[in-house]
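Participant: The structure under discussion is supplied below as structure tokens; questions concerning it will follow.
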Amino acid sequence: MATSPARRRPRLPSPDISAAELLESLPPAMLDEILSRFPIRDAARTSVLSRAWRRRWESVPYLVLHWPRGTPSAPIDAVLAHRTCPVSEFRHPYVPETEFRLSDLWLLRLASVGVQSLYLKFKWTESDWLSLIPQLHMLHSCIFSCLELAVLDLEGCDFPGLPSGFAGFPNLTTLSLSEVGFPRGLGGLEAMISSSSSLQRLRLENLRMPDEYEQWVIHAPNLQRLLISSGFVYGLQIDDLPSLEEAEINLRDYIDVQEIMNLNSRLDQARILQLSMPFSMDNLLEGLSQSFVNLKSLSLDIPFCCLSCLLSIFYLVRNAPNLEVLDIKLGDYYEEDEEVDIDDLNAQRADDLFSSLTSVHMKNVTWNLYEMAFIQFVLAEARQLEVFSIHESRRCLKFKAALAVAEVA
């Protein structure tokens, strides 16, 4: 049998070689890769290693710049002033009102060197409610020069109007806007979304809109995840989303039946769907005709206080033949003003209703008549059911605890 050649043990560095010299022996690309993974403070500290390392961190491409809350503006200014290569990520979770104008200078510098991910949260010190502030800080228009952006996450600012001829952010995959205003109208937001052809994740939360607005459309054929949370729809329309995988729509304070149904009907490609529904005596999804054939998991935040609430669930579930997981969080409790009509519930029975359902989870249960009727209906119809979990509301638990104390007394 032939013997394998003896392996050579790796040669250890000479004890006379310094740590800096040992690092210098590594390929430059490897050194850049190591430094790019350092927090900015640690990367800057490498300047004390040797003369050759004094300014090396300044030219390392794609550094991550995270600035914790309370960071003075001086180090941010200094770091950006010395940067000569693109930044991988610039994150400031708390830009105070006193530094709003300084953020314009940061953006100008980032636009000149390039930035891939930008997170800016503008915080007002005078009010915790941005809705009470008449005018937010206007983001600098150089944002449109940051063409390397893959992630744009903004909060608490106004967005400038799109410049003429703007062709979008070609690399943008994630757009997240919270408490962001569009004083010049929603056409700019519509154009920015539609022209960013790589967009995969979109989050729009409590946008500030002008008093007068027109209809606008979300057109994003490659969008995979969508979150909309708002007290108003502001003329929003959703185009076909053929790549959609997950959607979350929170319209708890909005009760325009037609607009709610129009929005939900455009989510028919989703595999995971989360809906927060407002209280209404009308069936908000009556007439929903789209088939949600891809839907596997449905989460609902809905009050159980009248027959229309149950019917809204039935209308949606009936159009989701492959639904496996149903998660219901019961919203604010209203005293039911009518008895459950068993005949109305029996009219919803169908051979394929709940046919694929394997898991049901109900939270904040108060054991009112409609909840009990729904539980009984599911147990009778869901033949493949494996898990049915029920969590009482805290109100019920407190009531039981108070009742136990009263009985002891």
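For the structure tokens, the naming scheme is as follows: chains receive sequential letters (A, B, ...) according to their order of presentation, residues are indexed from 1 within each chain, and ligands are indexed from 1 in presentation order.
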Let's see if you can do this: from backbone DSSP, list all alpha helix (DSSP H) residues in segment 65-265 of chain A, as a ChimeraX atom specification.
Facilitator: /A:73-82,100-113,187-195,257-265
Participant: Calculated over only C-alpha atoms, which of the candidates A:Gln116, A:Ser103, A:Ser355, A:Leu108 has the smallest distance to Val64 of chain A?
Facilitator: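 Residue with the minimum atom-to-atom distance to Val64 of chain A: A:Gln116.
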Participant: Quick one: distance from atom CA of Ile328 of chain A to atom CA of Thr358 of chain A in Å, one decimal?
Facilitator: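 The value is 14.2 Å.
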Participant: What are the closest atom pairs, with distances in Å to one decimal, for all residues of segment 58-132 of chain A lying within 12 Å of segment 139-160 of chain A? Consider only C-alpha atoms, order rows by chain and residue number, and present the result as a tab-separated table.
Facilitator:
residue	atom	partner	partner_atom	distance
A:Tyr62	CA	A:Glu148	CA	11.4
A:Pro86	CA	A:Glu148	CA	9.1
A:Val87	CA	A:Glu148	CA	9.9
A:Ser88	CA	A:Leu149	CA	9.3
A:Glu89	CA	A:Val151	CA	8.8
A:Phe90	CA	A:Leu152	CA	10.1
A:Arg91	CA	A:Asp153	CA	9.2
A:His92	CA	A:Leu154	CA	10.1
A:Pro93	CA	A:Glu155	CA	9.1
A:Tyr94	CA	A:Glu155	CA	9.7
A:Val95	CA	A:Gly156	CA	9.7
A:Pro96	CA	A:Gly156	CA	10.8
A:Glu97	CA	A:Gly156	CA	10.6
A:Phe100	CA	A:Leu139	CA	8.9
A:Arg101	CA	A:His140	CA	9.1
A:Leu102	CA	A:His140	CA	10.5
A:Ser103	CA	A:His140	CA	8.3
A:Asp104	CA	A:His140	CA	5.6
A:Leu105	CA	A:His140	CA	8.7
A:Trp106	CA	A:His140	CA	9.8
A:Leu107	CA	A:Cys142	CA	6.8
A:Leu108	CA	A:Cys142	CA	6.1
A:Arg109	CA	A:Cys142	CA	9.4
A:Leu110	CA	A:Cys146	CA	7.5
A:Ala111	CA	A:Cys146	CA	4.9
A:Ser112	CA	A:Cys146	CA	8.0
A:Val113	CA	A:Cys146	CA	8.9
A:Gly114	CA	A:Cys146	CA	6.2
A:Val115	CA	A:Leu149	CA	6.0
A:Gln116	CA	A:Leu149	CA	4.2
A:Ser117	CA	A:Val151	CA	4.5
A:Leu118	CA	A:Leu152	CA	5.1
A:Tyr119	CA	A:Asp153	CA	4.7
A:Leu120	CA	A:Leu154	CA	5.1
A:Lys121	CA	A:Glu155	CA	4.6
A:Phe122	CA	A:Gly156	CA	5.0
A:Lys123	CA	A:Gly156	CA	6.6
A:Trp124	CA	A:Gly156	CA	8.3
A:Thr125	CA	A:Gly156	CA	11.9
A:Ser127	CA	A:Gly156	CA	11.8
A:Asp128	CA	A:Gly156	CA	10.9
A:Trp129	CA	A:Gly156	CA	10.2
A:Leu130	CA	A:Gly156	CA	7.1
A:Ser131	CA	A:Gly156	CA	9.8
A:Leu132	CA	A:Gly156	CA	11.9
